[in-house]
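Let me begin by presenting the structure, written as C-alpha coordinates, before commenting on it.
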Amino acid sequence: MSDSDFSISGLRDQLTGRAFLPGEPGYFAECSTYNLMTPLRPRVAVGAETVADVQAVVRFAAENGMGIAVRGGGHIVAKQDEGVVVINMRRMQGVSVDPGARRVRFGGGALWQEVLDAVTPLGLAPMNGSSPTVGATGYMLGGGHSPTLGRSLGWAAEYISALELVTADGRVRRVTAESEPELFFALRGTKGNFGVVTAVECEVFPVTHIYGGGLWFAGDDIAEVLHTWREWVAEIPDEMATSVAVQRLPPDPALPEPLRGRSSCTCAWLTTAWLKKARNCLPGSAPSRRRSSTRSASCPTPRRPRSTWIRRYRCRTPIAPPDWPN
(Lines give C-alpha, C1' and ligand atoms only; values in the text may rest on other atoms or scores of the structure.)
Protein backbone atom coordinates (compact mmCIF):
# COMPACT_ATOMS: atom_id res chain seq x y z
CA MET A 1 0.00 0.00 0.00
CA SER A 2 1.41 3.41 -0.97
CA ASP A 3 1.56 6.29 1.51
CA SER A 4 -1.08 8.15 -0.49
CA ASP A 5 -3.51 5.25 -0.01
CA PHE A 6 -2.63 4.66 3.63
CA SER A 7 -5.21 5.80 6.19
CA ILE A 8 -5.48 5.41 9.94
CA SER A 9 -8.91 7.00 10.30
CA GLY A 10 -10.45 3.64 11.18
CA LEU A 11 -7.82 3.08 13.87
CA ARG A 12 -8.33 6.55 15.29
CA ASP A 13 -12.04 5.89 15.65
CA GLN A 14 -11.28 2.93 17.95
CA LEU A 15 -8.78 4.68 20.22
CA THR A 16 -9.12 6.49 23.52
CA GLY A 17 -5.57 7.71 22.94
CA ARG A 18 -4.20 9.29 19.79
CA ALA A 19 -2.49 8.08 16.61
CA PHE A 20 0.00 10.04 14.52
CA LEU A 21 1.52 9.83 11.07
CA PRO A 22 4.98 11.23 10.20
CA GLY A 23 4.86 15.00 9.89
CA GLU A 24 1.76 15.46 12.03
CA PRO A 25 1.96 17.60 15.19
CA GLY A 26 2.68 15.31 18.14
CA TYR A 27 4.39 12.57 16.11
CA PHE A 28 7.95 13.33 17.26
CA ALA A 29 6.92 13.72 20.90
CA GLU A 30 5.27 10.29 20.77
CA CYS A 31 8.45 8.74 19.34
CA SER A 32 10.98 10.46 21.61
CA THR A 33 13.57 8.31 23.37
CA TYR A 34 16.03 8.79 26.21
CA ASN A 35 18.98 8.15 23.91
CA LEU A 36 18.95 10.59 20.99
CA MET A 37 21.15 8.16 19.04
CA THR A 38 18.23 5.73 18.74
CA PRO A 39 15.33 7.73 17.31
CA LEU A 40 12.07 6.03 16.42
CA ARG A 41 10.53 6.90 13.04
CA PRO A 42 7.65 4.47 12.62
CA ARG A 43 4.94 4.61 9.99
CA VAL A 44 2.36 5.08 12.74
CA ALA A 45 2.84 6.19 16.36
CA VAL A 46 0.10 5.49 18.88
CA GLY A 47 -0.15 6.89 22.39
CA ALA A 48 -2.13 4.10 24.06
CA GLU A 49 -4.23 4.94 27.12
CA THR A 50 -6.11 1.68 27.68
CA VAL A 51 -5.76 -2.05 27.10
CA ALA A 52 -8.48 -1.71 24.45
CA ASP A 53 -6.21 0.76 22.62
CA VAL A 54 -3.45 -1.85 22.53
CA GLN A 55 -5.89 -4.45 21.21
CA ALA A 56 -7.01 -2.09 18.45
CA VAL A 57 -3.41 -1.41 17.40
CA VAL A 58 -2.53 -5.12 17.33
CA ARG A 59 -5.54 -5.86 15.12
CA PHE A 60 -4.76 -2.88 12.86
CA ALA A 61 -1.15 -4.01 12.42
CA ALA A 62 -2.24 -7.56 11.56
CA GLU A 63 -4.76 -6.32 8.99
CA ASN A 64 -2.12 -4.14 7.31
CA GLY A 65 0.79 -6.58 7.49
CA MET A 66 2.79 -4.29 9.80
CA GLY A 67 5.11 -5.08 12.68
CA ILE A 68 4.71 -3.68 16.18
CA ALA A 69 7.27 -2.02 18.42
CA VAL A 70 6.62 -1.08 22.04
CA ARG A 71 7.98 2.04 23.71
CA GLY A 72 7.99 1.74 27.49
CA GLY A 73 10.36 3.95 29.46
CA GLY A 74 12.36 4.71 26.32
CA HIS A 75 15.83 4.16 27.82
CA ILE A 76 16.97 1.28 25.65
CA VAL A 77 15.61 1.22 22.11
CA ALA A 78 16.49 -1.37 19.51
CA LYS A 79 16.68 -0.16 15.92
CA GLN A 80 13.23 -0.51 14.41
CA ASP A 81 12.06 -0.82 10.83
CA GLU A 82 10.29 2.32 9.65
CA GLY A 83 7.27 0.33 8.51
CA VAL A 84 6.10 -0.57 12.02
CA VAL A 85 3.50 0.76 14.40
CA VAL A 86 4.98 2.06 17.67
CA ILE A 87 2.80 1.73 20.76
CA ASN A 88 3.83 4.31 23.35
CA MET A 89 2.81 2.88 26.74
CA ARG A 90 3.72 5.89 28.90
CA ARG A 91 0.10 6.87 29.62
CA MET A 92 -0.54 3.41 31.05
CA GLN A 93 1.49 4.06 34.20
CA GLY A 94 -1.00 3.31 36.99
CA VAL A 95 0.31 1.63 40.15
CA SER A 96 -1.64 -0.18 42.88
CA VAL A 97 -0.28 -1.89 45.99
CA ASP A 98 -1.60 -4.69 48.19
CA PRO A 99 0.48 -4.20 51.39
CA GLY A 100 -0.90 -7.30 53.10
CA ALA A 101 0.07 -9.59 50.25
CA ARG A 102 3.24 -7.56 49.60
CA ARG A 103 2.43 -7.22 45.93
CA VAL A 104 2.40 -4.34 43.47
CA ARG A 105 0.71 -4.04 40.10
CA PHE A 106 1.92 -1.46 37.57
CA GLY A 107 0.95 -0.56 34.03
CA GLY A 108 3.10 -1.32 31.02
CA GLY A 109 4.34 2.27 30.84
CA ALA A 110 5.17 2.87 34.52
CA LEU A 111 8.65 4.07 35.41
CA TRP A 112 10.40 2.76 38.51
CA GLN A 113 10.03 6.17 40.17
CA GLU A 114 6.25 5.84 39.97
CA VAL A 115 6.40 2.37 41.51
CA LEU A 116 8.77 3.59 44.24
CA ASP A 117 6.45 6.50 45.06
CA ALA A 118 3.65 4.02 45.68
CA VAL A 119 5.46 1.38 47.75
CA THR A 120 8.07 3.37 49.71
CA PRO A 121 5.58 5.05 52.11
CA LEU A 122 4.40 1.54 53.02
CA GLY A 123 7.90 0.38 54.01
CA LEU A 124 8.16 -1.83 50.93
CA ALA A 125 10.70 -2.05 48.13
CA PRO A 126 10.56 -3.55 44.63
CA MET A 127 13.55 -5.13 42.91
CA ASN A 128 14.11 -2.03 40.82
CA GLY A 129 17.21 -1.09 38.90
CA SER A 130 19.70 1.68 39.49
CA SER A 131 17.80 4.39 37.59
CA PRO A 132 14.30 5.51 38.65
CA THR A 133 13.54 6.75 35.12
CA VAL A 134 13.77 3.30 33.51
CA GLY A 135 10.54 1.58 32.49
CA ALA A 136 9.63 -1.04 35.08
CA THR A 137 7.97 -3.47 32.65
CA GLY A 138 10.85 -3.70 30.17
CA TYR A 139 13.28 -4.11 33.06
CA MET A 140 11.28 -7.01 34.49
CA LEU A 141 10.81 -8.71 31.13
CA GLY A 142 14.57 -8.58 30.58
CA GLY A 143 15.26 -10.39 33.87
CA GLY A 144 16.21 -7.39 36.00
CA HIS A 145 19.13 -7.40 38.43
CA SER A 146 18.52 -5.04 41.33
CA PRO A 147 21.49 -3.27 42.94
CA THR A 148 19.62 -3.23 46.23
CA LEU A 149 18.21 -6.77 46.45
CA GLY A 150 19.68 -8.67 43.51
CA ARG A 151 22.62 -10.32 45.27
CA SER A 152 20.47 -11.64 48.09
CA LEU A 153 17.30 -12.51 46.16
CA GLY A 154 18.32 -13.14 42.55
CA TRP A 155 16.63 -11.94 39.36
CA ALA A 156 13.63 -9.62 39.56
CA ALA A 157 11.72 -11.68 36.97
CA GLU A 158 11.63 -14.59 39.42
CA TYR A 159 9.23 -12.58 41.60
CA ILE A 160 6.65 -11.81 38.93
CA SER A 161 3.34 -13.35 39.95
CA ALA A 162 1.21 -12.40 36.93
CA LEU A 163 1.35 -10.55 33.62
CA GLU A 164 -1.41 -9.03 31.56
CA LEU A 165 -0.71 -8.93 27.85
CA VAL A 166 -2.29 -8.63 24.45
CA THR A 167 -1.19 -11.43 22.14
CA ALA A 168 -0.96 -11.37 18.34
CA ASP A 169 -4.59 -12.48 17.99
CA GLY A 170 -5.74 -9.34 19.82
CA ARG A 171 -6.80 -11.21 22.96
CA VAL A 172 -6.11 -9.99 26.50
CA ARG A 173 -4.60 -12.69 28.65
CA ARG A 174 -3.78 -12.86 32.34
CA VAL A 175 -0.76 -15.13 32.50
CA THR A 176 0.36 -16.88 35.68
CA ALA A 177 2.39 -19.98 36.49
CA GLU A 178 -0.89 -21.85 36.99
CA SER A 179 -2.98 -20.54 34.08
CA GLU A 180 -0.39 -20.67 31.26
CA PRO A 181 2.88 -22.05 32.62
CA GLU A 182 4.77 -22.18 29.30
CA LEU A 183 3.92 -18.62 28.30
CA PHE A 184 4.62 -17.44 31.86
CA PHE A 185 8.05 -19.07 31.72
CA ALA A 186 8.79 -17.59 28.28
CA LEU A 187 7.84 -14.02 29.17
CA ARG A 188 10.16 -13.69 32.16
CA GLY A 189 13.57 -12.81 30.77
CA THR A 190 13.00 -12.83 26.99
CA LYS A 191 12.14 -9.08 26.82
CA GLY A 192 9.42 -9.35 24.16
CA ASN A 193 7.93 -11.01 21.05
CA PHE A 194 5.20 -12.94 22.85
CA GLY A 195 2.78 -10.05 23.12
CA VAL A 196 2.39 -6.50 24.37
CA VAL A 197 2.55 -6.55 28.18
CA THR A 198 0.06 -4.05 29.58
CA ALA A 199 0.55 -4.76 33.30
CA VAL A 200 2.87 -6.63 35.66
CA GLU A 201 2.19 -7.93 39.16
CA CYS A 202 5.18 -8.76 41.35
CA GLU A 203 6.34 -9.24 44.91
CA VAL A 204 7.77 -6.39 46.99
CA PHE A 205 9.89 -6.63 50.12
CA PRO A 206 10.03 -5.03 53.60
CA VAL A 207 12.95 -2.61 53.22
CA THR A 208 12.76 0.93 54.59
CA HIS A 209 16.28 2.32 54.15
CA ILE A 210 19.40 1.83 52.13
CA TYR A 211 22.90 3.11 52.71
CA GLY A 212 25.20 3.91 49.84
CA GLY A 213 27.92 6.08 48.47
CA GLY A 214 30.77 6.32 46.04
CA LEU A 215 34.46 7.03 45.65
CA TRP A 216 35.89 8.90 42.68
CA PHE A 217 39.54 8.34 41.75
CA ALA A 218 41.68 9.96 39.08
CA GLY A 219 42.45 7.97 35.96
CA ASP A 220 46.12 7.59 36.89
CA ASP A 221 45.13 5.33 39.76
CA ILE A 222 42.79 3.00 37.86
CA ALA A 223 45.06 -0.07 38.08
CA GLU A 224 45.51 0.17 41.85
CA VAL A 225 41.84 0.96 42.46
CA LEU A 226 40.63 -2.01 40.39
CA HIS A 227 43.03 -4.38 42.14
CA THR A 228 41.89 -3.20 45.58
CA TRP A 229 38.22 -3.28 44.61
CA ARG A 230 38.57 -6.85 43.27
CA GLU A 231 39.92 -8.08 46.61
CA TRP A 232 37.37 -6.17 48.66
CA VAL A 233 34.30 -7.24 46.64
CA ALA A 234 35.05 -10.93 47.24
CA GLU A 235 34.41 -10.43 50.95
CA ILE A 236 31.24 -8.32 51.08
CA PRO A 237 27.96 -9.85 52.35
CA ASP A 238 24.97 -10.64 50.16
CA GLU A 239 23.11 -7.57 51.43
CA MET A 240 25.70 -5.37 49.77
CA ALA A 241 26.28 -4.55 46.12
CA THR A 242 29.01 -2.58 44.39
CA SER A 243 29.96 -1.48 40.91
CA VAL A 244 32.97 0.09 39.30
CA ALA A 245 33.02 2.35 36.25
CA VAL A 246 35.92 3.73 34.24
CA GLN A 247 34.96 6.70 32.13
CA ARG A 248 36.05 10.02 30.68
CA LEU A 249 33.58 12.69 31.68
CA PRO A 250 32.77 15.68 29.47
CA PRO A 251 34.00 19.20 30.31
CA ASP A 252 30.57 20.05 31.70
CA PRO A 253 30.44 23.01 34.14
CA ALA A 254 27.78 21.13 36.11
CA LEU A 255 30.42 18.57 37.18
CA PRO A 256 32.85 19.19 40.05
CA GLU A 257 36.01 20.81 38.70
CA PRO A 258 38.34 17.82 39.38
CA LEU A 259 36.11 15.59 37.19
CA ARG A 260 35.58 17.85 34.17
CA GLY A 261 36.99 16.46 30.96
CA ARG A 262 39.12 13.88 32.78
CA SER A 263 39.34 10.13 33.07
CA SER A 264 38.14 8.76 36.38
CA CYS A 265 37.32 5.52 38.15
CA THR A 266 34.15 5.41 40.24
CA CYS A 267 33.49 2.76 42.90
CA ALA A 268 29.89 2.78 44.11
CA TRP A 269 28.41 0.73 46.91
CA LEU A 270 24.97 0.15 48.37
CA THR A 271 23.58 -2.03 51.13
CA THR A 272 20.27 -2.83 52.82
CA ALA A 273 22.06 -3.76 56.06
CA TRP A 274 21.60 -1.46 59.06
CA LEU A 275 24.10 1.35 59.45
CA LYS A 276 26.43 -0.29 61.98
CA LYS A 277 26.81 -3.40 59.84
CA ALA A 278 27.07 -1.30 56.68
CA ARG A 279 30.00 0.65 58.13
CA ASN A 280 31.77 -2.59 58.98
CA CYS A 281 31.57 -3.63 55.32
CA LEU A 282 33.47 -0.63 54.00
CA PRO A 283 37.13 -1.01 52.98
CA GLY A 284 39.50 -0.90 55.93
CA SER A 285 36.76 -1.12 58.57
CA ALA A 286 36.39 -4.84 59.26
CA PRO A 287 38.50 -7.99 59.30
CA SER A 288 38.36 -10.22 56.26
CA ARG A 289 36.52 -13.52 56.51
CA ARG A 290 39.10 -15.20 54.33
CA ARG A 291 42.89 -14.95 54.62
CA SER A 292 44.75 -14.09 51.46
CA SER A 293 48.04 -15.77 50.66
CA THR A 294 49.45 -12.60 49.15
CA ARG A 295 47.92 -9.74 51.16
CA SER A 296 47.10 -9.02 54.77
CA ALA A 297 43.88 -10.45 56.22
CA SER A 298 42.27 -7.05 56.71
CA CYS A 299 40.10 -5.47 54.02
CA PRO A 300 42.37 -3.44 51.75
CA THR A 301 42.19 0.31 52.16
CA PRO A 302 42.62 2.46 49.06
CA ARG A 303 45.53 4.83 49.51
CA ARG A 304 44.80 8.52 49.15
CA PRO A 305 47.32 9.74 46.58
CA ARG A 306 47.79 13.32 45.45
CA SER A 307 44.30 14.77 45.05
CA THR A 308 43.00 11.58 43.44
CA TRP A 309 40.39 10.72 46.04
CA ILE A 310 38.14 13.21 44.37
CA ARG A 311 34.93 12.86 46.30
CA ARG A 312 33.39 10.64 48.91
CA TYR A 313 29.89 10.50 50.25
CA ARG A 314 27.84 8.26 52.46
CA CYS A 315 24.12 8.75 52.70
CA ARG A 316 21.07 7.42 54.42
CA THR A 317 18.12 7.61 52.04
CA PRO A 318 14.72 6.09 51.30
CA ILE A 319 14.78 2.96 49.17
CA ALA A 320 15.08 4.83 45.83
CA PRO A 321 18.75 4.21 45.00
CA PRO A 322 21.17 6.72 43.54
CA ASP A 323 21.86 6.73 39.80
CA TRP A 324 24.97 4.60 39.58
CA PRO A 325 27.20 5.04 36.54
CA ASN A 326 26.36 2.44 33.92
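So you can find residues: chains in the C-alpha coordinates are A, B, ... in the order shown, residues in each start at 1, and ligands are numbered from 1 in order.
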
For stretch 102-109 of chain A, please output as a PyMOL selection string all residues within 9 Å (counting only C-alpha atoms; exclusion window: fewer than 4 positions along the same chain). chain A and resi 71-73+88-98+114-115+118-119+124+126+135-138+161-162+164+196-206

Using only C-alpha atoms, which residues of stretch 142-235 of chain A come within 10 Å of stretch 243-259 of chain A, and what is the closest atom pair for each, with the distance in Å to one decimal? Give it as CSV, sorted by chain and residue number.
```
residue,atom,partner,partner_atom,distance
A:Pro147,CA,A:Ser243,CA,8.9
A:Gly214,CA,A:Ser243,CA,9.4
A:Leu215,CA,A:Val244,CA,9.5
A:Trp216,CA,A:Leu259,CA,8.7
A:Phe217,CA,A:Leu259,CA,9.2
A:Ala218,CA,A:Leu259,CA,8.1
A:Gly219,CA,A:Val246,CA,8.0
A:Ile222,CA,A:Val246,CA,7.8
A:Val225,CA,A:Val244,CA,9.5
A:Leu226,CA,A:Val244,CA,8.0
A:Trp229,CA,A:Val244,CA,8.2
A:Arg230,CA,A:Val244,CA,9.8
A:Val233,CA,A:Ser243,CA,9.2
```

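The residue that comes closest to A:Ser7, out of A:Pro25, A:Asn64, A:Ala168, A:Ser152 and on the basis of only C-alpha atoms, is A:Asn64.
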
Residue neighbourhood A:Gly192, 12 Å, only C-alpha atoms, exclusion window fewer than 3 positions, as JSON, numbers by chain: {"A": [68, 69, 70, 71, 72, 78, 137, 138, 139, 140, 141, 142, 143, 165, 166, 167, 183, 186, 187, 188, 189, 195, 196, 197]}

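Ranking A:Trp232, A:Glu63, A:Tyr27, A:Met240 by their shortest atom-to-atom distance to A:Gly213, with only C-alpha atoms included, puts A:Met240 first.
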
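For stretch 52-58 of chain A, the set of protein, DNA and RNA residues having any atom at most 8 Å away, when counting only C-alpha atoms and skipping those fewer than 6 positions along the same chain, is Leu11, Gln14, Leu15, Thr16, Gly17, Val46, Ile68, Val85, Ile87, Val166, Ala168, Asp169, Gly170, Arg171, Val172 and Val196 of chain A.
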
With N, CA and C atoms retained, write the just-selected residues as a tab-separated table (two decimals), in the first residue's frame.
```tsv
chain	number	residue	atom	x	y	z
A	11	LEU	N	-8.49	3.33	12.59
A	11	LEU	CA	-7.82	3.08	13.87
A	11	LEU	C	-8.13	4.20	14.86
A	14	GLN	N	-11.21	3.96	16.91
A	14	GLN	CA	-11.28	2.93	17.95
A	14	GLN	C	-10.49	3.30	19.21
A	15	LEU	N	-9.72	4.38	19.15
A	15	LEU	CA	-8.78	4.68	20.22
A	15	LEU	C	-9.33	5.67	21.23
A	16	THR	N	-8.96	5.45	22.49
A	16	THR	CA	-9.12	6.49	23.52
A	16	THR	C	-7.94	7.45	23.43
A	17	GLY	N	-6.76	6.90	23.15
A	17	GLY	CA	-5.57	7.71	22.94
A	17	GLY	C	-5.54	8.28	21.53
A	46	VAL	N	1.34	5.49	18.10
A	46	VAL	CA	0.10	5.49	18.88
A	46	VAL	C	0.41	5.71	20.35
A	68	ILE	N	5.02	-4.51	15.01
A	68	ILE	CA	4.71	-3.68	16.18
A	68	ILE	C	5.96	-3.52	17.02
A	85	VAL	N	4.32	-0.07	13.53
A	85	VAL	CA	3.50	0.76	14.40
A	85	VAL	C	4.16	0.77	15.77
A	87	ILE	N	3.77	1.51	19.68
A	87	ILE	CA	2.80	1.73	20.76
A	87	ILE	C	3.54	2.37	21.92
A	166	VAL	N	-1.49	-8.46	25.66
A	166	VAL	CA	-2.29	-8.63	24.45
A	166	VAL	C	-1.43	-9.42	23.47
A	168	ALA	N	-0.85	-11.73	19.76
A	168	ALA	CA	-0.96	-11.37	18.34
A	168	ALA	C	-2.37	-11.53	17.79
A	169	ASP	N	-3.20	-12.32	18.44
A	169	ASP	CA	-4.59	-12.48	17.99
A	169	ASP	C	-5.51	-11.40	18.53
A	170	GLY	N	-4.94	-10.43	19.28
A	170	GLY	CA	-5.74	-9.34	19.82
A	170	GLY	C	-6.43	-9.65	21.13
A	171	ARG	N	-6.18	-10.82	21.69
A	171	ARG	CA	-6.80	-11.21	22.96
A	171	ARG	C	-6.02	-10.67	24.15
A	172	VAL	N	-6.75	-10.36	25.23
A	172	VAL	CA	-6.11	-9.99	26.50
A	172	VAL	C	-6.01	-11.25	27.35
A	196	VAL	N	2.18	-7.82	23.79
A	196	VAL	CA	2.39	-6.50	24.37
A	196	VAL	C	1.93	-6.55	25.83
```

Assign secondary structure with DSSP using the backbone only, and return the residues of stretch 26-173 of chain A in helix (DSSP H, G or I) as a ChimeraX atom specification. /A:27-31,51-63,112-122,136-141,150-153,156-159

The selected residues should be written to file as a short mmCIF file (atom, residue, chain, number, x, y, z; two decimals), in the first residue's frame (atoms: N, CA and C atoms).
```
data_model
loop_
_atom_site.label_atom_id
_atom_site.label_comp_id
_atom_site.auth_asym_id
_atom_site.auth_seq_id
_atom_site.Cartn_x
_atom_site.Cartn_y
_atom_site.Cartn_z
N TYR A 27 3.74 13.83 16.52
CA TYR A 27 4.39 12.57 16.11
C TYR A 27 5.76 12.42 16.77
N PHE A 28 6.61 13.45 16.71
CA PHE A 28 7.95 13.33 17.26
C PHE A 28 7.95 13.18 18.77
N ALA A 29 7.02 13.86 19.45
CA ALA A 29 6.92 13.72 20.90
C ALA A 29 6.55 12.29 21.28
N GLU A 30 5.70 11.66 20.49
CA GLU A 30 5.27 10.29 20.77
C GLU A 30 6.40 9.30 20.55
N CYS A 31 7.36 9.65 19.68
CA CYS A 31 8.45 8.74 19.34
C CYS A 31 9.75 9.06 20.08
N VAL A 51 -6.03 -0.73 27.68
CA VAL A 51 -5.76 -2.05 27.10
C VAL A 51 -6.51 -2.20 25.78
N ALA A 52 -7.72 -1.65 25.70
CA ALA A 52 -8.48 -1.71 24.45
C ALA A 52 -7.75 -1.00 23.32
N ASP A 53 -7.03 0.08 23.63
CA ASP A 53 -6.21 0.76 22.62
C ASP A 53 -5.16 -0.19 22.07
N VAL A 54 -4.49 -0.91 22.95
CA VAL A 54 -3.45 -1.85 22.53
C VAL A 54 -4.06 -2.95 21.65
N GLN A 55 -5.22 -3.45 22.03
CA GLN A 55 -5.89 -4.45 21.21
C GLN A 55 -6.19 -3.92 19.81
N ALA A 56 -6.67 -2.69 19.75
CA ALA A 56 -7.01 -2.09 18.45
C ALA A 56 -5.78 -1.95 17.57
N VAL A 57 -4.64 -1.56 18.17
CA VAL A 57 -3.41 -1.41 17.40
C VAL A 57 -2.91 -2.76 16.89
N VAL A 58 -2.97 -3.79 17.74
CA VAL A 58 -2.53 -5.12 17.33
C VAL A 58 -3.37 -5.62 16.16
N ARG A 59 -4.67 -5.43 16.22
CA ARG A 59 -5.54 -5.86 15.12
C ARG A 59 -5.26 -5.06 13.85
N PHE A 60 -5.06 -3.73 14.01
CA PHE A 60 -4.76 -2.88 12.86
C PHE A 60 -3.46 -3.30 12.19
N ALA A 61 -2.43 -3.60 12.98
CA ALA A 61 -1.15 -4.01 12.42
C ALA A 61 -1.28 -5.33 11.67
N ALA A 62 -2.04 -6.26 12.23
CA ALA A 62 -2.24 -7.56 11.56
C ALA A 62 -2.97 -7.39 10.24
N GLU A 63 -3.98 -6.54 10.21
CA GLU A 63 -4.76 -6.32 8.99
C GLU A 63 -3.93 -5.67 7.89
N TRP A 112 10.11 3.23 37.14
CA TRP A 112 10.40 2.76 38.51
C TRP A 112 10.11 3.84 39.55
N GLN A 113 10.31 5.12 39.20
CA GLN A 113 10.03 6.17 40.17
C GLN A 113 8.57 6.15 40.59
N GLU A 114 7.68 5.89 39.66
CA GLU A 114 6.25 5.84 39.97
C GLU A 114 5.91 4.65 40.85
N VAL A 115 6.60 3.53 40.63
CA VAL A 115 6.40 2.37 41.51
C VAL A 115 6.96 2.66 42.90
N LEU A 116 8.15 3.25 42.95
CA LEU A 116 8.77 3.59 44.24
C LEU A 116 7.90 4.55 45.04
N ASP A 117 7.31 5.53 44.37
CA ASP A 117 6.45 6.50 45.06
C ASP A 117 5.26 5.83 45.71
N ALA A 118 4.81 4.72 45.14
CA ALA A 118 3.65 4.02 45.68
C ALA A 118 4.00 3.08 46.82
N VAL A 119 5.14 2.42 46.75
CA VAL A 119 5.46 1.38 47.75
C VAL A 119 6.31 1.88 48.90
N THR A 120 7.15 2.90 48.67
CA THR A 120 8.07 3.37 49.71
C THR A 120 7.36 3.85 50.97
N PRO A 121 6.26 4.63 50.88
CA PRO A 121 5.58 5.05 52.11
C PRO A 121 5.02 3.90 52.93
N LEU A 122 4.91 2.72 52.33
CA LEU A 122 4.40 1.54 53.02
C LEU A 122 5.52 0.68 53.59
N ALA A 136 9.62 0.13 34.20
CA ALA A 136 9.63 -1.04 35.08
C ALA A 136 9.30 -2.33 34.32
N THR A 137 8.39 -2.26 33.36
CA THR A 137 7.97 -3.47 32.65
C THR A 137 9.10 -4.04 31.80
N GLY A 138 9.75 -3.21 31.00
CA GLY A 138 10.85 -3.70 30.17
C GLY A 138 11.98 -4.27 31.01
N TYR A 139 12.25 -3.63 32.13
CA TYR A 139 13.28 -4.11 33.06
C TYR A 139 12.93 -5.51 33.56
N MET A 140 11.69 -5.71 33.97
CA MET A 140 11.28 -7.01 34.49
C MET A 140 11.29 -8.08 33.40
N LEU A 141 10.84 -7.73 32.21
CA LEU A 141 10.81 -8.71 31.13
C LEU A 141 12.20 -9.12 30.70
N GLY A 150 19.34 -7.63 44.47
CA GLY A 150 19.68 -8.67 43.51
C GLY A 150 20.63 -9.73 44.04
N ARG A 151 21.65 -9.33 44.80
CA ARG A 151 22.62 -10.32 45.27
C ARG A 151 22.03 -11.26 46.30
N SER A 152 21.06 -10.78 47.06
CA SER A 152 20.47 -11.64 48.09
C SER A 152 19.24 -12.41 47.60
N LEU A 153 18.55 -11.88 46.59
CA LEU A 153 17.30 -12.51 46.16
C LEU A 153 17.31 -13.04 44.73
N ALA A 156 14.95 -10.21 39.29
CA ALA A 156 13.63 -9.62 39.56
C ALA A 156 12.52 -10.41 38.89
N ALA A 157 12.76 -10.94 37.70
CA ALA A 157 11.72 -11.68 36.97
C ALA A 157 11.23 -12.90 37.73
N GLU A 158 12.04 -13.42 38.64
CA GLU A 158 11.63 -14.59 39.42
C GLU A 158 10.48 -14.26 40.36
N TYR A 159 10.25 -12.97 40.63
CA TYR A 159 9.23 -12.58 41.60
C TYR A 159 8.00 -11.99 40.93
#
```

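Within stretch 112-208 of chain A, the backbone-based DSSP assignment of strand (DSSP E or B) covers A:Ala125, A:Gly135, A:Ile160, A:Ser161, A:Ala162, A:Leu163, A:Glu164, A:Leu165, A:Val166, A:Val172, A:Arg173, A:Arg174, A:Val175, A:Val196, A:Val197, A:Thr198, A:Ala199, A:Val200, A:Glu201, A:Cys202, A:Glu203, A:Phe205.
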
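The space between atom CA of A:Pro42 and atom CA of A:Asn193 spans 17.6 Å.
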
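Interatomic distance, atom CA of A:Gly144 to atom CA of A:Ile76: 13.5 Å.
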